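Structure record follows, encoded as structure tokens.
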Amino acid sequence: MAFFSIIIPLYNKENFIANTIQSVFDQTFQNFEIIVVNDGSTDKSEEKLLQFKDSRIHYFSKKNEGASAARNYGIEKASAHFITFLDADDYWYPTFLETMFTNISKLPDQKVFSAAIEFETSKKVISAQYSISKTNDEFEIVNYFKASLKETVLCTSCAVFHQSVFAEIGNFDTKIKSGQDTDLWIRIGLVFPVVFSWKILARYVYDPKSLSKNKNLMKEKMDFSKFEESEQTNPDLKYFLDLNRFSLAIKGKLAGETALFYKYYNSIDLKKIGWKKRFLLRLPAFILRILISFKTFLANLGIGSSVFK
């Protein structure tokens with residue numbers, strides 16, 4: 001049996017999938033299976049994938065239902081005890097699986113593992129910034145919400161989960177059109193700590209056609225209503241959600257969606273998010289655009305943190 005099941009949802013990534021698959025075969029740890037779920041691609045993604053001849057690749061093709069449905073399909077097909085995801089336009093550095101295997105061996109009672117990532121933007125490569133105090137050169141065992149106030153410590157190309165995690169908290173929620181991954185990380189964070197490796201082992205690759213860049217999905221973002229009861233008794237969750245609401249409220253204002261702005265704004269505990277964010281929420285959209293353009297310029301230089309957090 002493979003130690004890792006690697007699930008890759010594939011939809012119109014003909015320019016990326018070969019590099020992604022090659023990054024898996026370049027791993028120093030080789031005990032894995034690759035489950036590729038072609039989610040109704042209409043380009044040459046399948047042709048690029050089938051150039052790889054390896055019995056560890058298990059290829060499935062289905063009608064287009066979205067990345068979350070494809071990942072859930074892959075979870076059902078996985079045979080390994082540990083499941084990891086890799087987006088078809090991202091890639092791993094060679095020691096990703098080896099590092100995850102080492103940490104799993106050291107901490108057999110833990111169920112959720114992740115590693116630091118970097119972002120390849122259209123301008124340059126930027127290391128993610130995390131809200132974690134470094135106490136160990138190898139890894140930290142962290143509370144997901146406290147650790148993800150700047151950048152999430154879980155993402156669909158940098159984390160490994162014991163299969164029992166999904167049995168306990170469920171899979172990706174396909175009813176959510178945008179933000180299904182955040183929804184899953186929240187549900188995981190309510191139950192499990194995260195073993196976070198400081199090594200940068202994955203790269204998020206910029207694709208201007210990515211669904212996450214689709215402004216039309218702004219109204220489809222999750223509203224966090226399913227966590228209303230939990231956040232009343234979990235201050236770490238409440239603060240994490242309010243930072244996300246702040247981000248979405250700003251984006252709503254920029255998009256000219258007044259109702260969407262107030263949908264998120266009205267749920268924020270304004271006293272806890274700090275005066276700078278309260279000030280930004282009051283600014284008109286044209287001033288926000290100027291500030292964000294400047295912040296983006298600094299971020300492209302590797303200065304500063306997330307534009308919206």
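Labeling convention for the structure tokens: chains A, B, ... as they appear, residues from 1 per chain, ligands from 1 in order of appearance.
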- Query: What lies within 9 Å of His81 in chain A using only C-alpha atoms, ignoring chain neighbours under 2 positions off, as a list in words?
  - Reply: Met1, Ala2, Phe3, Phe4, Ser5, Ala78, Ser79, Ile83, Phe161, His162, Gln163 and Ser164 of chain A
So that I can check the secondary structure, give me every residue of range 10-65 of chain A assigned helix (DSSP H, G or I) by backbone DSSP, as a JSON list (two decimals) with C-alpha atoms, in the first residue's frame.
[["chain", "number", "residue", "atom", "x", "y", "z"],
["A", 17, "ILE", "CA", 0.11, 19.93, -15.37],
["A", 18, "ALA", "CA", 3.40, 18.49, -16.70],
["A", 19, "ASN", "CA", 5.48, 20.56, -14.24],
["A", 20, "THR", "CA", 3.11, 19.64, -11.41],
["A", 21, "ILE", "CA", 3.32, 15.90, -12.11],
["A", 22, "GLN", "CA", 7.09, 16.07, -12.57],
["A", 23, "SER", "CA", 7.45, 17.73, -9.16],
["A", 24, "VAL", "CA", 5.79, 14.64, -7.67],
["A", 25, "PHE", "CA", 8.10, 12.21, -9.47],
["A", 45, "SER", "CA", -4.65, 18.74, -20.17],
["A", 46, "GLU", "CA", -5.40, 15.04, -20.65],
["A", 47, "GLU", "CA", -2.89, 14.75, -23.49],
["A", 48, "LYS", "CA", -0.18, 16.37, -21.35],
["A", 49, "LEU", "CA", -0.94, 14.06, -18.43]]
- Would you mind writing down, as a ChimeraX atom specification, each residue of range 45-282 of chain A that DSSP on the backbone assigns to strand (DSSP E)? /A:57-62,82-85,91-92,112-120,125-127,139-142,159-162,194-205
Based on the selection just made, write C-alpha atoms of those residues as a CSV table (one decimal), in the first residue's frame.
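Below you can see again-v9.csv, which holds the result:
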chain,number,residue,atom,x,y,z
A,57,ILE,CA,-0.8,7.3,-11.7
A,58,HIS,CA,-4.5,6.5,-11.4
A,59,TYR,CA,-6.5,8.6,-13.9
A,60,PHE,CA,-10.2,9.3,-13.7
A,61,SER,CA,-12.3,11.5,-16.0
A,62,LYS,CA,-15.7,12.9,-15.0
A,82,PHE,CA,-2.5,9.8,4.5
A,83,ILE,CA,-4.0,12.0,1.9
A,84,THR,CA,-2.5,15.1,0.3
A,85,PHE,CA,-3.7,17.5,-2.4
A,91,TYR,CA,4.3,22.2,-7.5
A,92,TRP,CA,6.3,20.7,-4.6
A,112,VAL,CA,-2.8,17.1,10.2
A,113,PHE,CA,0.5,18.3,8.8
A,114,SER,CA,1.5,21.2,6.6
A,115,ALA,CA,4.5,23.2,5.3
A,116,ALA,CA,5.3,26.8,4.4
A,117,ILE,CA,4.7,27.9,0.9
A,118,GLU,CA,5.7,30.7,-1.5
A,119,PHE,CA,3.8,32.5,-4.1
A,120,GLU,CA,4.8,32.9,-7.7
A,125,VAL,CA,8.3,34.9,-6.0
A,126,ILE,CA,7.3,35.9,-2.5
A,127,SER,CA,7.5,33.8,0.7
A,139,PHE,CA,8.0,22.4,13.1
A,140,GLU,CA,5.4,23.9,15.4
A,141,ILE,CA,2.2,22.3,16.6
A,142,VAL,CA,-0.3,25.2,16.2
A,159,ALA,CA,-1.0,19.9,3.6
A,160,VAL,CA,-1.3,16.2,4.5
A,161,PHE,CA,-4.3,14.6,6.4
A,162,HIS,CA,-4.9,11.2,7.9
A,194,VAL,CA,-1.7,21.4,12.8
A,195,VAL,CA,1.9,20.3,12.7
A,196,PHE,CA,3.5,23.1,10.6
A,197,SER,CA,6.9,22.8,9.0
A,198,TRP,CA,8.9,26.0,8.6
A,199,LYS,CA,10.5,24.7,5.4
A,200,ILE,CA,9.2,26.2,2.2
A,201,LEU,CA,8.2,23.1,0.4
A,202,ALA,CA,5.4,24.2,-2.1
A,203,ARG,CA,4.9,26.9,-4.6
A,204,TYR,CA,1.6,28.4,-5.5
A,205,VAL,CA,1.9,29.3,-9.2
Per residue of range 110-166 of chain A within 9 Å of range 178-185 of chain A, note the shortest atom pair and the distance in Å to one decimal, counting only C-alpha atoms, and order the rows by chain and increasing residue number, as JSON lines.
{"residue": "A:Tyr144", "atom": "CA", "partner": "A:Trp185", "partner_atom": "CA", "distance": 8.0}
{"residue": "A:Thr152", "atom": "CA", "partner": "A:Thr182", "partner_atom": "CA", "distance": 8.8}
{"residue": "A:Leu154", "atom": "CA", "partner": "A:Trp185", "partner_atom": "CA", "distance": 6.7}
{"residue": "A:Cys155", "atom": "CA", "partner": "A:Asp181", "partner_atom": "CA", "distance": 7.4}
{"residue": "A:Thr156", "atom": "CA", "partner": "A:Asp181", "partner_atom": "CA", "distance": 7.4}
Could you write out that same residue set with all heavy atoms as an mmCIF file, in the first residue's frame?
data_model
loop_
_atom_site.group_PDB
_atom_site.id
_atom_site.type_symbol
_atom_site.label_atom_id
_atom_site.label_comp_id
_atom_site.auth_asym_id
_atom_site.auth_seq_id
_atom_site.Cartn_x
_atom_site.Cartn_y
_atom_site.Cartn_z
ATOM 1 N N TYR A 144 -4.910 26.265 14.447
ATOM 2 C CA TYR A 144 -5.077 26.739 13.076
ATOM 3 C C TYR A 144 -5.461 28.213 13.013
ATOM 4 O O TYR A 144 -4.915 28.975 12.199
ATOM 5 C CB TYR A 144 -6.133 25.909 12.332
ATOM 6 C CG TYR A 144 -6.475 26.519 10.999
ATOM 7 C CD1 TYR A 144 -5.573 26.451 9.938
ATOM 8 C CD2 TYR A 144 -7.670 27.213 10.806
ATOM 9 C CE1 TYR A 144 -5.856 27.049 8.712
ATOM 10 C CE2 TYR A 144 -7.959 27.811 9.587
ATOM 11 C CZ TYR A 144 -7.050 27.728 8.553
ATOM 12 O OH TYR A 144 -7.324 28.336 7.347
ATOM 13 N N THR A 152 -2.929 31.437 5.614
ATOM 14 C CA THR A 152 -3.399 30.159 6.144
ATOM 15 C C THR A 152 -2.268 29.131 6.171
ATOM 16 O O THR A 152 -1.472 29.048 5.233
ATOM 17 C CB THR A 152 -4.578 29.613 5.320
ATOM 18 O OG1 THR A 152 -4.961 28.327 5.831
ATOM 19 C CG2 THR A 152 -4.235 29.484 3.846
ATOM 20 N N LEU A 154 -2.893 26.008 6.201
ATOM 21 C CA LEU A 154 -3.395 24.884 5.420
ATOM 22 C C LEU A 154 -3.804 25.393 4.042
ATOM 23 O O LEU A 154 -4.461 26.425 3.931
ATOM 24 C CB LEU A 154 -4.611 24.236 6.091
ATOM 25 C CG LEU A 154 -4.396 23.541 7.429
ATOM 26 C CD1 LEU A 154 -5.728 23.041 7.985
ATOM 27 C CD2 LEU A 154 -3.422 22.372 7.287
ATOM 28 N N CYS A 155 -3.408 24.689 3.025
ATOM 29 C CA CYS A 155 -3.878 25.015 1.675
ATOM 30 C C CYS A 155 -3.898 23.722 0.865
ATOM 31 O O CYS A 155 -3.386 22.691 1.308
ATOM 32 C CB CYS A 155 -3.009 26.072 1.008
ATOM 33 S SG CYS A 155 -1.328 25.555 0.641
ATOM 34 N N THR A 156 -4.482 23.773 -0.307
ATOM 35 C CA THR A 156 -4.685 22.550 -1.089
ATOM 36 C C THR A 156 -3.428 22.091 -1.820
ATOM 37 O O THR A 156 -3.502 21.158 -2.619
ATOM 38 C CB THR A 156 -5.818 22.739 -2.108
ATOM 39 O OG1 THR A 156 -5.622 23.956 -2.826
ATOM 40 C CG2 THR A 156 -7.167 22.790 -1.396
#
For Arg289 in chain A, find every residue with an atom within 12 Å (counting only C-alpha atoms), except residues of its own chain fewer than 6 positions away, and show them as a tab-separated table (two decimals) with N, CA, C and O atoms, in the first residue's frame.
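New file out_18.tsv:
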chain	number	residue	atom	x	y	z
A	250	ILE	N	-14.18	44.62	2.34
A	250	ILE	CA	-13.39	45.54	1.50
A	250	ILE	C	-13.56	45.19	0.03
A	250	ILE	O	-13.77	46.06	-0.83
A	251	LYS	N	-13.48	43.90	-0.29
A	251	LYS	CA	-13.65	43.47	-1.68
A	251	LYS	C	-15.06	43.80	-2.18
A	251	LYS	O	-15.24	44.16	-3.35
A	253	LYS	N	-16.93	46.32	-1.18
A	253	LYS	CA	-16.97	47.76	-1.44
A	253	LYS	C	-16.27	48.09	-2.75
A	253	LYS	O	-16.76	48.90	-3.55
A	254	LEU	N	-15.12	47.47	-3.01
A	254	LEU	CA	-14.39	47.72	-4.25
A	254	LEU	C	-15.21	47.30	-5.48
A	254	LEU	O	-15.08	47.89	-6.55
A	255	ALA	N	-16.01	46.25	-5.30
A	255	ALA	CA	-16.83	45.76	-6.42
A	255	ALA	C	-18.13	46.55	-6.57
A	255	ALA	O	-18.91	46.28	-7.49
A	280	LEU	N	-10.11	51.75	7.53
A	280	LEU	CA	-10.18	51.31	6.14
A	280	LEU	C	-11.61	50.99	5.72
A	280	LEU	O	-12.01	51.27	4.59
A	283	LEU	N	-13.43	54.09	4.49
A	283	LEU	CA	-12.94	54.83	3.33
A	283	LEU	C	-13.76	54.55	2.08
A	283	LEU	O	-14.26	53.44	1.89
A	295	LYS	N	-0.01	49.03	-1.76
A	295	LYS	CA	0.30	47.84	-0.96
A	295	LYS	C	0.71	46.68	-1.86
A	295	LYS	O	1.62	45.92	-1.54
A	296	THR	N	0.04	46.55	-3.00
A	296	THR	CA	0.38	45.49	-3.95
A	296	THR	C	1.78	45.70	-4.51
A	296	THR	O	2.55	44.75	-4.68
A	307	VAL	N	-2.48	41.89	1.20
A	307	VAL	CA	-3.16	43.16	0.90
A	307	VAL	C	-4.41	43.32	1.74
A	307	VAL	O	-4.70	44.41	2.22
A	308	PHE	N	-5.16	42.25	1.93
A	308	PHE	CA	-6.46	42.36	2.59
A	308	PHE	C	-6.44	41.94	4.06
A	308	PHE	O	-7.48	41.91	4.69
- Note on the structure: One decimal place gives the CA of Asp89 in chain A-CA of Phe16 in chain A separation as 4.8 Å
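Of the residues under consideration (A:Glu168, A:Ile7, A:Ala285, A:Tyr239), A:Ala285 shows the shortest atom-to-atom contact distance to Glu257 in chain A when counting only C-alpha atoms.
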- Task: Measure the distance from CA of Phe286 in chain A to CA of Pro208 in chain A in Å and round it to one decimal.
- Result: 23.7 Å
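Around Leu237 in chain A, within 7 Å and counting only C-alpha atoms, the residues found are Phe145, Glu231 and Leu241 of chain A, once anything fewer than 4 positions away on its own chain is removed.
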- Message: So that I can see what lies close to Ile273 in chain A, please list as a PyMOL selection string the residues with an atom at most 8 Å from it, counting only C-alpha atoms and leaving out residues fewer than 3 positions away in the same chain.
- Response: chain A and resi 239+242-243+269-270+277-278
